[in-house]
Number of protein chains: 2
Amino acid sequence: MNTIQSDNYAVYFDNALDELVNFIKKGKYTKFFILTDENTGEHCLPLLTNKLDGLAYDLIEVQSGEENKNIDFCVGVWKMLIDFGADRKSLMINLGGGVITDMGGFAASTYKRGIDFVQVPTTLLSQVDASVGGKTGIDIDGIKNIIGTFTMPKAVFIAHEFLQSLPPRQILSGLAEMLKHGLIVDAAYWTKLKSSDLKNPSVDLVHRSVEIKNEIVLEDPHEKGIRKALNFGHTIGHAVETYSLLHDEDSLSHGEAIAIGMICESYIAHKKAGLTLAELHEIVAVLSNLYPKYTINEDSFDELLLNMQKDKKNVGNEINCTLLTHIGRYSIDNVCTASELCDSLRYYINL
Amino acid sequence: MNTIQSDNYAVYFDNALDELVNFIKKGKYTKFFILTDENTGEHCLPLLTNKLDGLAYDLIEVQSGEENKNIDFCVGVWKMLIDFGADRKSLMINLGGGVITDMGGFAASTYKRGIDFVQVPTTLLSQVDASVGGKTGIDIDGIKNIIGTFTMPKAVFIAHEFLQSLPPRQILSGLAEMLKHGLIVDAAYWTKLKSSDLKNPSVDLVHRSVEIKNEIVLEDPHEKGIRKALNFGHTIGHAVETYSLLHDEDSLSHGEAIAIGMICESYIAHKKAGLTLAELHEIVAVLSNLYPKYTINEDSFDELLLNMQKDKKNVGNEINCTLLTHIGRYSIDNVCTASELCDSLRYYINL
C-alpha cells in the first residue's frame with residue numbers, strides 16, 4: 001500500500017507501527033505521551049510497546065466510550081500533561097478509536113497553544129474517518145464535536161492488525177463510512193464493496209476509503225464547500241446517534257446511526273434530488289442487510305429535529321442535507337423541511 | 001491615529017466604537033454575541049449599546065476576575081452559545097479586559113471549530129498586550145494560559161474613552177507592558193514614557209505600544225524566536241503572579257507582578273547579559289517609583305521556581321529568560337539557574 005500524502009503529513013499503511021517508532025526516534029521530542037483507553041490499552045497498546053525498544057514514555061489512560069469524550073476527561077488529560085511536565089516539544093500519540101483521536105487531537109492542539117500529535121487509529125471507523133482531515137473535538141451535553149479545532153496531526157499510522165481484535169459491531173460501524181465514500185463519489189468502489197467480504201474489510205478497501213476522504217478534505221480543509229459531501233447521512237444520522245446516546249442503554253454505534261441517516265437521506269434524495277427508485281432500493285437493500293433495524297417512535301421526532309437544528313453544520317434555523325443525485329454523485333446545502341425530514345423517518349420506520 | 005494592520009486584521013483607534021458598529025453591519029452575520037463581565041457590563045457596555053441603533057444581540061456576562069478565566073467559565077460560555085443558537089456564521093464580540101479577550105477568543109476559536117470574533121479591549125493592559133498577536137487562553141490550576149490557541153480576531157477596536165473609568169491600579173497594570181515595550185526594543189519610547197503623565201497615558205503612547213507589539217508578533221506569529229522578546233519580565237513575573245493569585249487575598253495585578261519580574265530579570269541581565277549598572281539602577285528607579293513593594297519570603301522560592309518550571313515557555317527542565325543586553329535591546333533563550341533566579345529574587349527583596 002502506498003503512503004497517502006495529506007496536508008503536510010503522511011498516512012502510513014505498510015509496517016505502520018515500525019514507521020511510528022521511526023517517527024518517534026527521528027523527532028527529537030523532549031518526551032512522548034501515549035493517550036489510550038482501557039480497551040485499547042489491553043488489546044492494542046502491547047503491539048506498539050513491543051516495538052518501542054526501551055524508549056521511555058508516559059501513559060495517559062481514560063475510560064472507554066463516546067460518553068467520555070467530554071470536557072471533564074479532556075481537563076483530566078490536560079492536567080496529566082501538566083503533571084508529567086509536557087512542554088512545547090513533547091509529542092502526543094493518540095492510540096485508539098475516534099474518541100481518543102478526536103479528544104487527544106483537541107487536547108494536544110490546545111495544550112500550551114498546541115503541541116505535536118500523531119494519530120494511531122485502532123478501529124475501522126477511526127481509520128477510515130477520523131484519520132485524515134484535521135478535525136479534533138469533544139462533545140458537550142451530548143452534542144457531538146461541538147467544541148474543537150482544525151489541526152493537522154504530524155502523521156497518521158494505520159495498522160491493519162488492530163482490526164483483528166475488533167468485535168463485528170465495530171467493523172460494521174466503520175463500514176458505514178466506507179459505504180458512504182462509495183455512494184458520494186465512487187460508484188465503482190460502492191460496487192466493489194457490495195461484492196466483498198465486509199466482515200473483514202481488506203487493507204485495500206481501507207486504503208481506498210482513506211484516499212477518497214483525503215482527496216475531499218484536501219480540496220476543502222475548512223468545510224466551506226465540497227467537504228460537505230462527507231455529511232451525507234450525517235444530518236439525520238447524528239441526530240439519531242445523539243438521541244440514542246441519551247436514551248438507550250445499549251446505544252447505537254456511529255455507523256449504525258449513519259446507516260439509518262443514509263437510508264432516510266436517500267429517501268429524501270429520491271423525492272427531490274434525482275436519485276432513482278432503483279438506486280434507493282439498492283442502497284436500502286445493502287444497508288438493511290448489514291445493519292439491524294432500530295425502533296424509532298413518532299414521539300421522538302421533535303427531539304430528533306431539535307438535534308438536527310443544533311448540528312454545527314447548520315446556519316440559522318435551516319436544516320441542511322447533503323443528498324445523492326445518483327450513486328457516486330452528490331449535491332450539498334439542500335435545505336430540508338421538517339415535513340421532509342419526518343417523512344423520511346417514517347419511510348425508515350415502515351421498511 | 002492611523003489604523004494598525006496586523007495579520008489579516010486591522011486595529012482601529014479613531015472612533016473605534018463607530019468602526020465596530022460598521023463592522024457588525026457590514027459583516028452579514030446571522031447573530032452576534034457580546035461577551036463581557038460584570039464590571040465592563042456596567043462601565044463600558046453602555047458606551048457601545050448606545051451606538052448599536054437597535055441591532056439585536058445576545059449578552060453573555062461572566063463574573064469579573066482572573067480567577068474566573070478557567071475551564072468552568074469557558075464551558076458556561078460554550079453552553080450559552082449553544083442555547084442562543086450560535087452557528088458558524090455568528091460573531092462574538094469580546095468586550096472587556098484580558099480575561100474576556102483571552103477566554104472569549106478561546107471559546108470562539110473552538111466553538112464549532114471556530115467562529116469569527118473581534119476584540120474590544122477595555123483596560124490599558126488588554127489594549128497594549130492582549131489586543132494583537134492572536135493568543136487566546138484559559139488557566140488551569142492557576143497556570144496562566146496553559147490551554148489556548150493561536151487564532152486571529154477579525155478586527156480589534158481600541159477605544160481610549162474606556163480608560164477614563166479605570167482605577168489607577170489597573171492603569172499601572174497596563175503600564176508595565178508599555179514600559180516593557182520600550183525596554184526591549186525602543187529606548188526612545190522608554191525615555192518618552194519616563195517623562196510622560198503615566199497616570200493618564202495618552203492615546204499616542206498606547207498606539208506606539210500596540211505598534212511595537214504588532215511588529216514583533218508579525219515577524220514571529222508562533223513564538224518560535226523573536227516574539228520571545230515579549231517574555232522579558234515574564235518568567236519570574238508570571239511565577240510571582242501565580243503565587244500571589246493562590247496565596248494573597250488581594251492578589252497582585254499582572255502588571256505589578258511583571259514589574260517585579262522586570263526588576264529581577266534586569267538584575268540577572270546586569271550579571272550576565274551586558275546590562276550596565278547605571279541601566280539597572282535606572283530601571284529599578286522608574287519601576288520602584290511606580291509600583292508598591294511586594295513582600296516575598298525565602299520560604300516561597302521553591303514554589304516560585306516550580307511555577308517557573310511549569311511555564312509553557314520552557315522546554316525540558318530548563319528555565320529560560322529573555323534578558324536585556326541594554327535598554328532597547330534584548331537576547332532570548334537565556335537559560336537561568338535556580339541559583340541565579342533566587343539571587344535575583346533576593347536582590348528585589350533587599351531593595
# chains A, B, ... in the order shown; residues from 1 in each chain; ligands from 1
$ interface_residues --of "chain B" --to "chain A" --cutoff "8 Å" --atoms "only C-alpha atoms" --output "PyMOL selection string"
chain B and resi 30+79+82+85+87-89+109-114+137+140+145-150+310+312-316
$ residues_around --residues "Glu67 in chain A" --least-positions-apart "6" --cutoff "10 Å" --atoms "only C-alpha atoms" --output "list in words"
Phe73, Val99, Ile138, Asp139, Ile140, Asp141, Gly142, Lys144, Leu245 and Leu246 of chain A
$ write_last_selection --atoms "N, CA, C and O atoms" --output "short mmCIF file (atom, residue, chain, number, x, y, z; two decimals), in the first residue's frame"
data_model
loop_
_atom_site.label_atom_id
_atom_site.label_comp_id
_atom_site.auth_asym_id
_atom_site.auth_seq_id
_atom_site.Cartn_x
_atom_site.Cartn_y
_atom_site.Cartn_z
N PHE A 73 -13.09 14.81 30.86
CA PHE A 73 -11.97 13.93 30.54
C PHE A 73 -10.84 14.70 29.87
O PHE A 73 -9.67 14.41 30.08
N VAL A 99 -12.89 8.44 19.69
CA VAL A 99 -12.93 9.20 20.94
C VAL A 99 -11.52 9.67 21.30
O VAL A 99 -11.30 10.83 21.64
N ILE A 138 -14.51 17.57 21.05
CA ILE A 138 -15.16 16.93 22.19
C ILE A 138 -16.65 17.28 22.14
O ILE A 138 -17.06 18.20 21.43
N ASP A 139 -17.44 16.50 22.91
CA ASP A 139 -18.89 16.72 22.97
C ASP A 139 -19.23 17.56 24.20
O ASP A 139 -18.53 17.52 25.21
N ILE A 140 -20.31 18.32 24.11
CA ILE A 140 -20.88 18.97 25.30
C ILE A 140 -22.36 18.65 25.32
O ILE A 140 -23.03 18.80 24.29
N ASP A 141 -22.84 18.19 26.48
CA ASP A 141 -24.26 17.83 26.61
C ASP A 141 -24.70 16.90 25.48
O ASP A 141 -25.80 17.04 24.94
N GLY A 142 -23.83 15.99 25.09
CA GLY A 142 -24.20 15.02 24.07
C GLY A 142 -24.17 15.56 22.65
O GLY A 142 -24.44 14.82 21.70
N LYS A 144 -22.29 16.28 19.55
CA LYS A 144 -21.01 15.72 19.12
C LYS A 144 -20.08 16.77 18.52
O LYS A 144 -20.47 17.55 17.66
N LEU A 245 -27.76 7.92 22.28
CA LEU A 245 -26.77 8.04 23.37
C LEU A 245 -27.45 8.50 24.66
O LEU A 245 -27.08 8.08 25.76
N LEU A 246 -28.48 9.34 24.53
CA LEU A 246 -29.18 9.85 25.71
C LEU A 246 -30.21 8.87 26.25
O LEU A 246 -30.47 8.83 27.44
#
$ residues_around --residues "Leu205 in chain A" --least-positions-apart "4" --cutoff "8 Å" --atoms "only C-alpha atoms" --output "list in words"
Leu193, Pro201 and Ser209 of chain A
$ write_last_selection --atoms "C-alpha atoms" --output "compact mmCIF listing (two decimals), in the first residue's frame"
# COMPACT_ATOMS: atom_id res chain seq x y z
CA LEU A 193 -17.72 -3.12 -1.58
CA PRO A 201 -12.56 -5.49 5.02
CA SER A 209 -11.60 4.94 1.67
$ residues_around --residues "Ile93 in chain A" --least-positions-apart "4" --cutoff "10 Å" --atoms "only C-alpha atoms" --output "PyMOL selection string"
chain A and resi 20+24+32-36+59-60+100-101+104-105+108+116-120+153+155-156
$ residues_around --residues "range 288-297 of chain B" --least-positions-apart "6" --cutoff "12 Å" --atoms "only C-alpha atoms" --output "PyMOL selection string"
chain B and resi 168-176+179+194+197-199+237+239-241+243-244+247-248+250-263+280-282+303-304+342+344-351
$ select_by_dssp --residues "range 178-283 of chain B" --states "helix (DSSP H, G or I)" --output "count of residues only"
79
$ closest_residue --among "A:Ser266, A:Thr325, A:Asn214, A:Asn39" --to "Leu287 in chain A" --atoms "only C-alpha atoms"
A:Ser266
$ closest_residue --among "A:Asp186, A:Glu318, A:Glu161, A:Asp333" --to "Phe232 in chain A" --atoms "only C-alpha atoms"
A:Asp333
$ residues_around --residues "Asp220 in chain A" --least-positions-apart "6" --cutoff "12 Å" --atoms "only C-alpha atoms" --output "list in words"
Asp7, Gly133, Gly134, Phe150, Lys213, Asn214, Ile226, Arg227, Lys228, Ala229 and Leu230 of chain A
$ write_last_selection --atoms "C-alpha atoms" --output "PDB file, in the first residue's frame"
ATOM      1  CA  ASP A   7      -1.965  18.326   4.199  1.00  0.00           C
ATOM      2  CA  GLY A 133      -8.897  15.970   7.728  1.00  0.00           C
ATOM      3  CA  GLY A 134      -7.538  17.519  10.901  1.00  0.00           C
ATOM      4  CA  PHE A 150      -8.931  22.155  12.771  1.00  0.00           C
ATOM      5  CA  LYS A 213     -11.679  11.134   2.142  1.00  0.00           C
ATOM      6  CA  ASN A 214      -8.230  12.648   1.753  1.00  0.00           C
ATOM      7  CA  ILE A 226     -17.284  20.153  -1.194  1.00  0.00           C
ATOM      8  CA  ARG A 227     -16.181  18.674   2.117  1.00  0.00           C
ATOM      9  CA  LYS A 228     -19.867  18.772   2.981  1.00  0.00           C
ATOM     10  CA  ALA A 229     -20.149  15.760   0.651  1.00  0.00           C
ATOM     11  CA  LEU A 230     -18.933  13.779   3.656  1.00  0.00           C
TER      12      LEU A 230
END
$ select_by_dssp --residues "range 100-313 of chain A" --states "strand (DSSP E)" --output "list in words"
Asp116, Phe117, Val118, Gln119, Val120, Pro121, Ile138, Asp139, Ile140, Ile143, Lys144, Asn145, Ile146, Ile147, Ala155, Val156 and Phe157 of chain A
